[in-house]
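A.B. asks: Provided herewith: model29.csv, CSV, C-alpha atoms.
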```
chain,number,residue,atom,x,y,z
Z,261,MET,CA,85.1,70.2,38.5
Z,262,ALA,CA,81.8,69.1,36.9
Z,263,VAL,CA,81.3,69.4,33.1
Z,264,VAL,CA,78.2,70.7,31.5
Z,265,ASP,CA,78.2,70.3,27.7
Z,266,ARG,CA,75.6,72.4,25.9
Z,267,THR,CA,76.8,71.5,22.4
Z,268,THR,CA,75.2,68.0,22.2
Z,269,HIS,CA,74.2,66.8,18.7
Z,270,ARG,CA,70.8,65.1,19.2
Z,271,ALA,CA,69.4,62.3,17.1
Z,272,ASP,CA,67.1,63.3,14.3
Z,273,PRO,CA,63.6,63.7,15.7
Z,274,SER,CA,62.2,61.6,12.9
Z,275,HIS,CA,64.4,58.7,13.9
Z,276,VAL,CA,63.2,59.0,17.5
Z,277,ARG,CA,59.6,59.0,16.4
Z,278,THR,CA,60.1,55.9,14.3
Z,279,LEU,CA,62.0,54.0,17.0
Z,280,ALA,CA,59.1,54.8,19.4
Z,281,THR,CA,56.9,52.6,17.2
Z,282,PHE,CA,59.0,49.5,18.0
Z,283,ALA,CA,59.0,47.4,21.2
Z,284,VAL,CA,62.1,47.5,23.3
Z,285,ALA,CA,62.6,43.7,22.8
Z,286,THR,CA,62.4,44.2,19.0
Z,287,ILE,CA,65.1,47.0,19.1
Z,288,HIS,CA,67.3,45.0,21.4
Z,289,GLU,CA,67.2,41.9,19.1
Z,290,ALA,CA,67.5,44.1,15.9
Z,291,GLN,CA,70.8,45.5,17.1
Z,292,ASP,CA,72.4,42.2,17.9
Z,293,ARG,CA,71.0,41.9,21.4
Z,294,THR,CA,72.9,45.0,22.6
Z,295,GLY,CA,71.9,48.2,24.4
Z,296,LEU,CA,69.5,46.8,27.0
Z,297,LEU,CA,69.8,48.4,30.4
Z,298,ALA,CA,69.7,46.1,33.5
Z,299,PRO,CA,66.2,44.7,34.3
Z,300,ARG,CA,66.2,46.4,37.8
Z,301,LEU,CA,64.9,49.5,36.0
Z,302,ARG,CA,61.1,49.2,36.1
Z,303,PRO,CA,58.3,51.4,34.9
Z,304,LEU,CA,56.4,53.5,37.5
Z,305,ILE,CA,53.4,53.5,35.3
Z,306,PRO,CA,52.8,50.2,33.4
Z,307,GLY,CA,51.6,50.3,29.8
Z,308,GLN,CA,53.6,53.3,28.7
Z,309,ARG,CA,56.2,53.5,25.9
Z,310,VAL,CA,58.4,56.5,25.5
Z,311,ALA,CA,61.3,57.5,23.3
Z,312,GLY,CA,63.6,60.5,23.5
Z,313,THR,CA,67.1,61.8,23.0
Z,314,ALA,CA,69.4,61.1,26.0
Z,315,LEU,CA,70.0,64.0,28.4
Z,316,THR,CA,72.7,62.4,30.5
Z,317,CYS,CA,73.2,63.3,34.1
Z,318,GLU,CA,75.6,62.0,36.7
Z,319,VAL,CA,74.7,62.4,40.4
Z,320,TYR,CA,76.7,61.9,43.6
Z,321,PRO,CA,75.3,59.6,46.2
Z,322,GLY,CA,72.5,61.4,48.0
Z,323,ASP,CA,72.9,64.6,46.0
Z,324,ASN,CA,70.6,65.6,43.1
Z,325,SER,CA,72.2,68.9,42.2
Z,326,SER,CA,73.0,67.9,38.7
Z,327,ILE,CA,69.4,67.0,37.9
Z,328,HIS,CA,68.6,70.7,38.5
Z,329,VAL,CA,71.4,71.6,36.1
Z,330,ALA,CA,70.1,69.1,33.6
Z,331,GLY,CA,66.7,70.8,33.7
Z,332,ASP,CA,68.4,74.0,32.6
Z,333,VAL,CA,70.1,72.3,29.7
Z,334,ALA,CA,67.0,70.3,28.6
Z,335,GLN,CA,65.5,70.7,25.2
Z,336,ARG,CA,62.1,69.5,23.9
Z,337,GLY,CA,62.1,65.8,23.2
Z,338,ASP,CA,64.9,64.9,25.6
Z,339,LEU,CA,64.7,61.9,28.0
Z,340,LEU,CA,66.6,62.4,31.2
Z,341,VAL,CA,69.0,59.6,32.0
Z,342,VAL,CA,70.4,59.7,35.5
Z,343,ALA,CA,73.2,57.5,36.9
Z,344,PRO,CA,74.8,57.8,40.4
Z,345,THR,CA,78.6,57.7,40.6
Z,346,SER,CA,78.1,55.0,43.4
Z,347,PRO,CA,75.1,52.9,44.1
Z,348,CYS,CA,72.4,54.8,45.9
Z,349,ASP,CA,68.6,54.2,46.3
Z,350,ASP,CA,67.7,57.7,47.7
Z,351,GLY,CA,64.7,59.5,46.2
Z,352,TYR,CA,66.5,61.8,43.8
Z,353,PHE,CA,63.4,62.9,41.8
Z,354,GLY,CA,59.9,63.8,42.6
Z,355,GLU,CA,56.8,65.8,41.5
Z,356,LEU,CA,58.4,69.3,41.6
Z,357,LEU,CA,61.3,68.2,39.3
Z,358,ALA,CA,58.8,66.4,37.0
Z,359,THR,CA,56.7,69.6,36.7
Z,360,HIS,CA,59.8,71.6,35.8
Z,361,LEU,CA,61.0,69.0,33.2
Z,362,VAL,CA,57.5,68.7,31.6
Z,363,ALA,CA,57.5,72.4,31.1
Z,364,ARG,CA,60.9,72.1,29.4
Z,365,GLY,CA,59.6,69.4,27.0
Z,366,VAL,CA,61.4,66.4,28.6
Z,367,VAL,CA,59.4,63.3,27.8
Z,368,GLY,CA,60.5,61.0,30.6
Z,369,LEU,CA,63.1,59.8,33.1
Z,370,VAL,CA,65.4,56.8,33.3
Z,371,ILE,CA,67.2,56.6,36.7
Z,372,ASP,CA,69.3,53.9,38.2
Z,373,ALA,CA,68.4,55.1,41.7
Z,374,GLY,CA,65.3,56.1,43.6
Z,375,VAL,CA,62.3,58.3,43.0
Z,376,ARG,CA,59.6,59.6,45.3
Z,377,ASP,CA,56.2,61.4,45.2
Z,378,VAL,CA,55.1,58.3,43.3
Z,379,ALA,CA,51.3,59.0,43.6
Z,380,ASP,CA,51.8,62.5,42.2
Z,381,LEU,CA,54.1,61.3,39.3
Z,382,ARG,CA,51.5,58.7,38.4
Z,383,ASP,CA,48.7,61.3,38.5
Z,384,MET,CA,50.8,63.5,36.2
Z,385,GLY,CA,51.4,60.5,33.9
Z,386,PHE,CA,55.1,61.3,33.7
Z,387,PRO,CA,57.0,58.3,32.4
Z,388,VAL,CA,59.6,57.1,34.9
Z,389,TRP,CA,61.8,54.0,34.9
Z,390,SER,CA,63.7,53.6,38.1
Z,391,SER,CA,65.5,51.0,40.1
Z,392,ALA,CA,64.0,52.0,43.5
Z,393,ILE,CA,61.3,54.0,45.2
Z,394,SER,CA,62.4,55.8,48.4
Z,395,ALA,CA,61.0,58.7,50.4
Z,396,ARG,CA,64.6,59.6,51.5
Z,397,GLY,CA,65.5,62.9,50.1
Z,398,THR,CA,68.7,64.3,48.8
Z,399,VAL,CA,70.9,67.3,49.3
Z,400,LYS,CA,72.0,69.9,46.8
Z,401,GLN,CA,75.7,70.4,47.3
Z,402,THR,CA,77.9,69.0,44.5
Z,403,PRO,CA,76.8,68.9,40.9
Z,404,GLY,CA,78.0,66.0,38.7
Z,405,ASN,CA,78.6,66.0,35.0
Z,406,VAL,CA,75.7,66.8,32.6
Z,407,GLN,CA,75.6,65.8,28.9
Z,408,VAL,CA,78.7,63.7,28.9
Z,409,PRO,CA,78.9,59.9,28.2
Z,410,LEU,CA,78.0,57.8,31.2
Z,411,VAL,CA,77.2,54.2,32.1
Z,412,CYS,CA,73.6,53.7,33.3
Z,413,ALA,CA,72.5,50.3,34.5
Z,414,GLY,CA,75.4,48.7,32.8
Z,415,VAL,CA,75.1,50.3,29.4
Z,416,SER,CA,77.2,53.2,28.0
Z,417,ILE,CA,75.0,56.1,26.8
Z,418,SER,CA,76.1,59.2,25.0
Z,419,PRO,CA,74.2,62.5,25.0
Z,420,GLY,CA,71.8,62.6,22.0
Z,421,ASP,CA,71.5,58.8,21.7
Z,422,VAL,CA,68.0,57.5,21.4
Z,423,VAL,CA,66.5,55.9,24.5
Z,424,VAL,CA,63.3,53.8,24.2
Z,425,ALA,CA,61.5,52.4,27.3
Z,426,ASP,CA,58.4,50.2,27.7
Z,427,ASP,CA,57.1,47.5,30.1
Z,428,ASP,CA,59.9,45.2,29.1
Z,429,GLY,CA,62.7,47.6,30.0
Z,430,VAL,CA,65.0,50.3,28.5
Z,431,VAL,CA,67.2,50.2,25.5
Z,432,VAL,CA,69.6,52.7,23.9
Z,433,VAL,CA,70.4,53.2,20.3
Z,434,ALA,CA,73.5,55.1,19.3
Z,435,ARG,CA,72.6,58.2,17.4
Z,436,GLU,CA,74.7,57.3,14.4
Z,437,ASP,CA,73.2,53.8,14.2
Z,438,ALA,CA,69.5,54.8,14.3
Z,439,LEU,CA,68.7,54.4,10.6
Z,440,ASP,CA,70.4,51.0,10.5
Z,441,VAL,CA,68.5,49.8,13.6
Z,442,ILE,CA,65.2,51.1,12.2
Z,443,ALA,CA,65.8,49.0,9.0
Z,444,GLU,CA,66.5,45.9,11.0
Z,445,CYS,CA,63.4,46.5,13.2
Z,446,ARG,CA,61.2,46.7,10.1
Z,447,LEU,CA,62.7,43.5,8.7
Z,448,ARG,CA,62.2,41.7,12.0
Z,449,GLU,CA,58.6,42.8,12.3
Z,450,ALA,CA,57.9,41.7,8.7
Z,451,THR,CA,59.4,38.3,9.4
Z,452,GLU,CA,57.5,37.9,12.6
Z,453,ALA,CA,54.2,38.8,10.9
Z,454,VAL,CA,54.7,35.9,8.5
Z,455,LEU,CA,55.7,33.6,11.4
Z,456,ARG,CA,52.7,34.6,13.5
Z,457,LYS,CA,50.3,33.6,10.7
Z,458,GLN,CA,52.0,30.2,10.3
Z,459,LEU,CA,51.8,29.6,14.1
Z,460,ALA,CA,48.2,30.6,14.2
Z,461,ALA,CA,47.5,28.0,11.4
Z,462,GLY,CA,48.9,25.3,13.6
Z,463,GLU,CA,52.5,24.9,12.4
Z,464,GLY,CA,55.1,24.4,15.1
Z,465,THR,CA,58.2,26.4,16.2
Z,466,LEU,CA,60.5,23.3,16.0
Z,467,ASP,CA,60.1,23.2,12.2
Z,468,LEU,CA,59.5,26.9,11.4
Z,469,LEU,CA,62.6,27.9,13.3
Z,470,GLY,CA,64.7,25.0,12.1
Z,471,LEU,CA,65.1,23.6,15.6
Z,472,ARG,CA,64.1,20.0,15.1
Z,473,GLN,CA,67.3,19.0,13.3
Z,474,LYS,CA,69.4,21.3,15.4
Z,475,PHE,CA,68.2,19.7,18.6
Z,476,ARG,CA,68.4,16.2,17.1
Z,477,ASP,CA,72.1,16.9,16.2
Z,478,ALA,CA,72.6,18.0,19.8
Z,479,GLY,CA,71.5,14.6,21.0
Z,480,LEU,CA,67.9,15.2,22.0
Z,481,ARG,CA,65.9,12.1,21.2
Z,482,ASP,CA,62.3,11.4,20.2
Z,483,LEU,CA,62.0,14.4,17.9
Z,484,ASP,CA,60.9,12.3,14.9
Z,485,ARG,CA,57.3,12.6,14.1
```
Translate the structure described by the file into C-alpha coordinates.
C.D. replies:
Amino acid sequence: MAVVDRTTHRADPSHVRTLATFAVATIHEAQDRTGLLAPRLRPLIPGQRVAGTALTCEVYPGDNSSIHVAGDVAQRGDLLVVAPTSPCDDGYFGELLATHLVARGVVGLVIDAGVRDVADLRDMGFPVWSSAISARGTVKQTPGNVQVPLVCAGVSISPGDVVVADDDGVVVVAREDALDVIAECRLREATEAVLRKQLAAGEGTLDLLGLRQKFRDAGLRDLDR
(Lines of atoms letter the chains of each structure in order from A and count residues from 1; the text may use other names and numbers.)
(Lines give C-alpha, C1' and ligand atoms only; values in the text may rest on other atoms or scores of the structure.)
Protein backbone atom coordinates (compact mmCIF):
# COMPACT_ATOMS: atom_id res chain seq x y z
CA MET A 1 0.00 0.00 0.00
CA ALA A 2 1.32 3.43 -0.93
CA VAL A 3 2.37 5.90 1.75
CA VAL A 4 1.47 9.60 1.67
CA ASP A 5 3.22 11.60 4.40
CA ARG A 6 1.71 15.03 5.06
CA THR A 7 3.95 15.72 8.08
CA THR A 8 7.10 16.70 6.17
CA HIS A 9 9.41 19.26 7.76
CA ARG A 10 10.50 21.56 4.95
CA ALA A 11 13.74 23.51 4.73
CA ASP A 12 13.70 27.08 6.00
CA PRO A 13 12.48 29.30 3.11
CA SER A 14 15.35 31.73 3.72
CA HIS A 15 17.83 28.88 3.19
CA VAL A 16 16.11 27.98 -0.08
CA ARG A 17 16.22 31.59 -1.29
CA THR A 18 19.91 31.87 -0.45
CA LEU A 19 20.85 28.59 -2.11
CA ALA A 20 18.99 29.77 -5.21
CA THR A 21 21.64 32.47 -5.63
CA PHE A 22 24.40 29.90 -6.14
CA ALA A 23 25.12 27.86 -9.25
CA VAL A 24 24.57 24.12 -9.13
CA ALA A 25 28.29 23.58 -9.76
CA THR A 26 29.19 25.80 -6.80
CA ILE A 27 26.83 23.94 -4.46
CA HIS A 28 28.07 20.55 -5.66
CA GLU A 29 31.70 21.51 -5.04
CA ALA A 30 30.88 23.22 -1.73
CA GLN A 31 29.41 20.04 -0.28
CA ASP A 32 32.40 17.86 -1.17
CA ARG A 33 31.22 17.02 -4.70
CA THR A 34 28.06 15.27 -3.52
CA GLY A 35 24.34 15.56 -4.23
CA LEU A 36 24.53 15.93 -8.02
CA LEU A 37 21.85 14.05 -9.94
CA ALA A 38 22.79 12.15 -13.09
CA PRO A 39 23.48 14.39 -16.12
CA ARG A 40 20.72 12.75 -18.15
CA LEU A 41 18.37 15.27 -16.48
CA ARG A 42 18.28 18.28 -18.79
CA PRO A 43 16.35 21.56 -18.64
CA LEU A 44 13.35 21.98 -20.89
CA ILE A 45 13.95 25.75 -20.91
CA PRO A 46 17.63 26.74 -20.94
CA GLY A 47 18.66 29.73 -18.87
CA GLN A 48 16.47 29.05 -15.85
CA ARG A 49 17.57 28.48 -12.27
CA VAL A 50 15.10 27.28 -9.67
CA ALA A 51 15.26 26.19 -6.04
CA GLY A 52 12.56 24.64 -3.88
CA THR A 53 11.84 22.13 -1.16
CA ALA A 54 11.64 18.55 -2.38
CA LEU A 55 8.13 17.16 -2.82
CA THR A 56 9.04 13.53 -3.50
CA CYS A 57 6.93 11.24 -5.64
CA GLU A 58 7.43 7.65 -6.75
CA VAL A 59 5.63 6.49 -9.89
CA TYR A 60 5.14 3.04 -11.34
CA PRO A 61 6.15 2.47 -14.97
CA GLY A 62 3.56 4.05 -17.25
CA ASP A 63 1.38 5.27 -14.35
CA ASN A 64 1.30 8.88 -13.12
CA SER A 65 -1.29 8.42 -10.36
CA SER A 66 0.99 9.58 -7.57
CA ILE A 67 1.78 12.86 -9.33
CA HIS A 68 -1.90 13.72 -8.91
CA VAL A 69 -1.63 12.78 -5.23
CA ALA A 70 1.47 14.94 -4.90
CA GLY A 71 -0.47 17.88 -6.28
CA ASP A 72 -2.89 17.51 -3.40
CA VAL A 73 -0.03 17.45 -0.87
CA ALA A 74 1.93 20.33 -2.43
CA GLN A 75 2.71 23.53 -0.57
CA ARG A 76 3.98 26.85 -1.90
CA GLY A 77 7.70 26.70 -2.62
CA ASP A 78 7.81 22.95 -3.23
CA LEU A 79 9.71 21.49 -6.17
CA LEU A 80 8.27 18.19 -7.39
CA VAL A 81 10.81 15.36 -7.64
CA VAL A 82 9.54 12.30 -9.52
CA ALA A 83 11.31 8.94 -9.81
CA PRO A 84 9.89 5.79 -11.44
CA THR A 85 10.26 2.52 -9.56
CA SER A 86 11.67 1.03 -12.78
CA PRO A 87 13.13 2.91 -15.77
CA CYS A 88 10.42 4.38 -18.01
CA ASP A 89 10.52 7.21 -20.54
CA ASP A 90 6.76 7.71 -20.91
CA GLY A 91 5.33 11.23 -20.79
CA TYR A 92 4.21 11.34 -17.17
CA PHE A 93 3.70 15.10 -17.02
CA GLY A 94 2.18 17.74 -19.26
CA GLU A 95 0.51 21.13 -19.43
CA LEU A 96 -2.58 20.29 -17.36
CA LEU A 97 -0.56 19.00 -14.42
CA ALA A 98 1.74 22.02 -14.69
CA THR A 99 -1.26 24.34 -14.53
CA HIS A 100 -2.47 22.56 -11.40
CA LEU A 101 0.94 22.68 -9.71
CA VAL A 102 1.52 26.35 -10.51
CA ALA A 103 -1.79 27.14 -8.84
CA ARG A 104 -0.57 25.25 -5.76
CA GLY A 105 2.67 27.23 -5.65
CA VAL A 106 5.01 24.50 -6.92
CA VAL A 107 8.10 26.11 -8.45
CA GLY A 108 9.26 23.37 -10.83
CA LEU A 109 9.68 19.71 -11.70
CA VAL A 110 12.61 17.29 -11.68
CA ILE A 111 11.67 13.93 -13.20
CA ASP A 112 13.83 10.96 -14.15
CA ALA A 113 11.37 10.06 -16.88
CA GLY A 114 9.50 11.68 -19.77
CA VAL A 115 7.36 14.79 -20.14
CA ARG A 116 5.13 15.94 -22.97
CA ASP A 117 3.22 19.07 -24.10
CA VAL A 118 6.66 20.59 -24.39
CA ALA A 119 5.61 23.67 -26.38
CA ASP A 120 2.92 24.48 -23.82
CA LEU A 121 5.28 23.99 -20.88
CA ARG A 122 7.79 26.32 -22.52
CA ASP A 123 5.08 28.91 -23.20
CA MET A 124 4.12 28.72 -19.52
CA GLY A 125 7.75 29.12 -18.50
CA PHE A 126 7.32 26.24 -16.07
CA PRO A 127 10.79 24.98 -15.03
CA VAL A 128 11.28 21.30 -15.91
CA TRP A 129 14.32 19.05 -15.78
CA SER A 130 13.63 15.64 -17.32
CA SER A 131 15.51 12.66 -18.72
CA ALA A 132 13.21 12.25 -21.73
CA ILE A 133 10.49 13.79 -23.88
CA SER A 134 7.72 11.47 -25.00
CA ALA A 135 4.19 11.85 -26.31
CA ARG A 136 3.31 8.43 -24.89
CA GLY A 137 0.79 8.98 -22.11
CA THR A 138 0.30 7.14 -18.83
CA VAL A 139 -2.54 5.44 -16.97
CA LYS A 140 -3.91 6.28 -13.54
CA GLN A 141 -4.24 2.96 -11.74
CA THR A 142 -1.73 2.52 -8.91
CA PRO A 143 -0.41 5.41 -6.80
CA GLY A 144 3.14 5.16 -5.49
CA ASN A 145 4.62 6.69 -2.35
CA VAL A 146 4.50 10.45 -1.88
CA GLN A 147 6.69 12.47 0.50
CA VAL A 148 8.95 9.59 1.46
CA PRO A 149 12.71 9.30 0.85
CA LEU A 150 13.55 8.10 -2.66
CA VAL A 151 16.41 7.82 -5.12
CA CYS A 152 16.14 10.06 -8.19
CA ALA A 153 18.78 9.88 -10.91
CA GLY A 154 21.19 8.16 -8.55
CA VAL A 155 20.84 10.46 -5.53
CA SER A 156 18.93 9.92 -2.31
CA ILE A 157 16.46 12.74 -1.64
CA SER A 158 14.30 13.22 1.44
CA PRO A 159 11.10 15.25 1.55
CA GLY A 160 11.86 18.85 2.50
CA ASP A 161 15.47 18.82 1.25
CA VAL A 162 16.54 21.74 -0.93
CA VAL A 163 16.74 21.06 -4.67
CA VAL A 164 18.52 23.53 -6.97
CA ALA A 165 18.58 23.21 -10.76
CA ASP A 166 20.14 25.21 -13.57
CA ASP A 167 21.70 24.65 -17.01
CA ASP A 168 24.47 22.52 -15.47
CA GLY A 169 22.13 20.03 -13.80
CA VAL A 170 20.33 19.34 -10.53
CA VAL A 171 21.76 19.17 -7.00
CA VAL A 172 20.18 18.34 -3.65
CA VAL A 173 21.16 19.76 -0.26
CA ALA A 174 19.99 17.95 2.85
CA ARG A 175 17.68 20.18 4.86
CA GLU A 176 19.82 19.89 7.99
CA ASP A 177 23.00 20.79 6.06
CA ALA A 178 21.69 23.91 4.34
CA LEU A 179 23.38 26.51 6.55
CA ASP A 180 26.77 24.79 6.38
CA VAL A 181 26.53 24.49 2.61
CA ILE A 182 25.58 28.16 2.29
CA ALA A 183 28.67 29.13 4.28
CA GLU A 184 30.89 26.97 2.07
CA CYS A 185 29.32 28.41 -1.09
CA ARG A 186 30.02 31.96 0.09
CA LEU A 187 33.62 31.06 0.88
CA ARG A 188 34.06 29.41 -2.50
CA GLU A 189 32.63 32.40 -4.37
CA ALA A 190 34.89 34.80 -2.46
CA THR A 191 37.94 32.68 -3.27
CA GLU A 192 36.99 32.45 -6.94
CA ALA A 193 36.47 36.23 -7.13
CA VAL A 194 40.10 36.77 -6.12
CA LEU A 195 41.29 34.05 -8.51
CA ARG A 196 39.29 35.56 -11.36
CA LYS A 197 41.05 38.92 -10.95
CA GLN A 198 44.45 37.24 -10.92
CA LEU A 199 43.64 35.25 -14.08
CA ALA A 200 42.39 38.39 -15.81
CA ALA A 201 45.71 40.06 -14.94
CA GLY A 202 47.57 37.33 -16.81
CA GLU A 203 48.63 34.97 -14.04
CA GLY A 204 48.36 31.26 -14.83
CA THR A 205 46.44 28.41 -13.23
CA LEU A 206 49.54 26.21 -12.90
CA ASP A 207 50.98 28.60 -10.31
CA LEU A 208 47.81 30.02 -8.75
CA LEU A 209 46.44 26.54 -8.07
CA GLY A 210 49.77 25.06 -7.04
CA LEU A 211 49.76 22.65 -9.96
CA ARG A 212 53.24 23.24 -11.36
CA GLN A 213 55.09 21.43 -8.58
CA LYS A 214 52.35 18.81 -8.25
CA PHE A 215 52.58 17.89 -11.93
CA ARG A 216 56.39 18.02 -11.83
CA ASP A 217 56.37 15.60 -8.91
CA ALA A 218 54.07 13.36 -10.93
CA GLY A 219 56.71 13.15 -13.66
CA LEU A 220 55.47 15.73 -16.16
CA ARG A 221 58.51 17.33 -17.81
CA ASP A 222 59.23 20.76 -19.27
CA LEU A 223 57.24 22.69 -16.67
CA ASP A 224 60.14 24.94 -15.66
CA ARG A 225 59.92 28.45 -16.97
A.B. asks: With distances taken over all atoms listed in the file, which of Z:Ala271, Z:Val411, Z:Ala443, Z:Ile371 is nearest to Asn324 (chain Z)?
C.D. replies: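 Closest to Asn324 (chain Z), using all atoms listed in the file: Z:Ile371.
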A.B. asks: Nearest to Arg309 (chain Z): which of Z:Ile327, Z:Pro387, Z:Ala450, Z:Ala395 is it, counting only C-alpha atoms?
C.D. replies: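 Residue with the minimum atom-to-atom distance to Arg309 (chain Z): Z:Pro387.
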A.B. asks: Around the point (58.7, 28.5, 8.5) (coordinates from the file), which residues reach within 9 Å if we count only C-alpha atoms? Answer as a list in words.
C.D. replies: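 Those residues lying close to the given coordinates are Val454, Leu455, Gln458, Leu459, Glu463, Gly464, Thr465, Asp467, Leu468, Leu469 and Gly470 of chain Z.
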A.B. asks: Choose the residue, out of Z:Ala343, Z:Leu361, Z:Ala453, Z:Ala478, that has the smallest atom-to-atom separation from Ala330 (chain Z); count only C-alpha atoms.
C.D. replies: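 Closest to Ala330 (chain Z), using only C-alpha atoms: Z:Leu361.
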A.B. asks: When you count all atoms listed in the file, which of these residues is closest to Asp323 (chain Z): Z:Val367, Z:Leu304, Z:Val408, Z:Val399?
C.D. replies: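 Under the stated criterion, the closest residue is Z:Val399.
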A.B. asks: Using all atoms listed in the file, pick whichever of Z:Gly295, Z:Gly404, Z:Pro347, Z:Gly312 has the shortest atom-to-atom distance to Gly429 (chain Z).
C.D. replies: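 Between Z:Gly295, Z:Gly404, Z:Pro347, Z:Gly312, the residue approaching Gly429 (chain Z) most closely is Z:Gly295.
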A.B. asks: Kindly indicate which residue among Z:Leu471, Z:Val366, Z:Val319, Z:Val310 lies nearest to Asp350 (chain Z), using only C-alpha atoms for the distances.
C.D. replies: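 Answer, going by the shortest atom-to-atom distance: Z:Val319.
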A.B. asks: For a test of reading the model, state the distance in Å between CA of Glu318 (chain Z) and CA of Ala363 (chain Z), rounded to one decimal.
C.D. replies: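 So the two atoms, CA of Glu318 (chain Z) and CA of Ala363 (chain Z), lie 21.6 Å apart.
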A.B. asks: Excluding same-chain residues fewer than 5 positions from Asp349 (chain Z), what lies within 8 Å of it counting only C-alpha atoms, as a list in words?
C.D. replies: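 Final neighbour list, sorted by chain and number: Ala373, Gly374, Ser391, Ala392, Ile393 and Ser394 of chain Z.
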A.B. asks: Suppose you want the space between CA of Val406 (chain Z) and CA of Ala298 (chain Z); what is it in Å?
C.D. replies: 21.6 Å
A.B. asks: If I take CA of Val342 (chain Z) and CA of Ala283 (chain Z), how far is one from the other in Å, to one decimal?
C.D. replies: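 Calculated distance between CA of Val342 (chain Z) and CA of Ala283 (chain Z) is 22.0 Å.
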A.B. asks: Find the smallest box with edges along x, y and z containing every listed atom of region 443-459 of chain Z, then add 3 Å on each side and report centre and edge lengths in Å to one decimal, as JSON.
C.D. replies:
```
{"center_x": 58.4, "center_y": 39.3, "center_z": 11.3, "size_x": 22.2, "size_y": 25.4, "size_z": 11.6}
```
A.B. asks: Mind checking which residues fall within 6 Å of Leu315 (chain Z), counting all atoms listed in the file, ignoring those fewer than 6 positions away in the same chain, and posting them as a PyMOL selection string?
C.D. replies: chain Z and resi 338-341+407+419
A.B. asks: Counting only C-alpha atoms, which residues in region 384-472 of chain Z sit no more than 8 Å from region 284-290 of chain Z? For each one, give the nearest pair of atoms and the distance in Å, sorted by chain then residue number, as JSON lines.
C.D. replies:
```
{"residue": "Z:Val424", "atom": "CA", "partner": "Z:Val284", "partner_atom": "CA", "distance": 6.5}
{"residue": "Z:Ala425", "atom": "CA", "partner": "Z:Val284", "partner_atom": "CA", "distance": 6.4}
{"residue": "Z:Asp426", "atom": "CA", "partner": "Z:Val284", "partner_atom": "CA", "distance": 6.4}
{"residue": "Z:Asp428", "atom": "CA", "partner": "Z:Val284", "partner_atom": "CA", "distance": 6.6}
{"residue": "Z:Gly429", "atom": "CA", "partner": "Z:Val284", "partner_atom": "CA", "distance": 6.7}
{"residue": "Z:Val430", "atom": "CA", "partner": "Z:Val284", "partner_atom": "CA", "distance": 6.6}
{"residue": "Z:Val431", "atom": "CA", "partner": "Z:Val284", "partner_atom": "CA", "distance": 6.2}
{"residue": "Z:Val441", "atom": "CA", "partner": "Z:Ala290", "partner_atom": "CA", "distance": 6.2}
{"residue": "Z:Glu444", "atom": "CA", "partner": "Z:Ala290", "partner_atom": "CA", "distance": 5.3}
{"residue": "Z:Cys445", "atom": "CA", "partner": "Z:Ala290", "partner_atom": "CA", "distance": 5.5}
{"residue": "Z:Arg448", "atom": "CA", "partner": "Z:Ala290", "partner_atom": "CA", "distance": 7.0}
{"residue": "Z:Glu449", "atom": "CA", "partner": "Z:Thr286", "partner_atom": "CA", "distance": 7.8}
```
A.B. asks: Set the distance at 7 Å and use only C-alpha atoms: which residues neighbour Val263 (chain Z) once local chain neighbours fewer than 2 positions away are removed? I'd like the list as a list of chain:residue names.
C.D. replies: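 My reading of the contact set: Z:Met261, Z:Asp265, Z:Asn405, Z:Val406.
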A.B. asks: Within 7 Å of (65.7, 61.9, 43.8), all atoms listed in the file: residues as a PyMOL selection string?
C.D. replies: chain Z and resi 324+350-354+374-376+397-398
A.B. asks: With C-alpha atoms retained, could you export that selection as an mmCIF file, in the coordinates of the input?
C.D. replies:
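Okay, part-v3.cif is ready:
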```
data_model
loop_
_atom_site.group_PDB
_atom_site.id
_atom_site.type_symbol
_atom_site.label_atom_id
_atom_site.label_comp_id
_atom_site.auth_asym_id
_atom_site.auth_seq_id
_atom_site.Cartn_x
_atom_site.Cartn_y
_atom_site.Cartn_z
ATOM 1 C CA ASN Z 324 70.600 65.600 43.100
ATOM 2 C CA ASP Z 350 67.700 57.700 47.700
ATOM 3 C CA GLY Z 351 64.700 59.500 46.200
ATOM 4 C CA TYR Z 352 66.500 61.800 43.800
ATOM 5 C CA PHE Z 353 63.400 62.900 41.800
ATOM 6 C CA GLY Z 354 59.900 63.800 42.600
ATOM 7 C CA GLY Z 374 65.300 56.100 43.600
ATOM 8 C CA VAL Z 375 62.300 58.300 43.000
ATOM 9 C CA ARG Z 376 59.600 59.600 45.300
ATOM 10 C CA GLY Z 397 65.500 62.900 50.100
ATOM 11 C CA THR Z 398 68.700 64.300 48.800
#
```
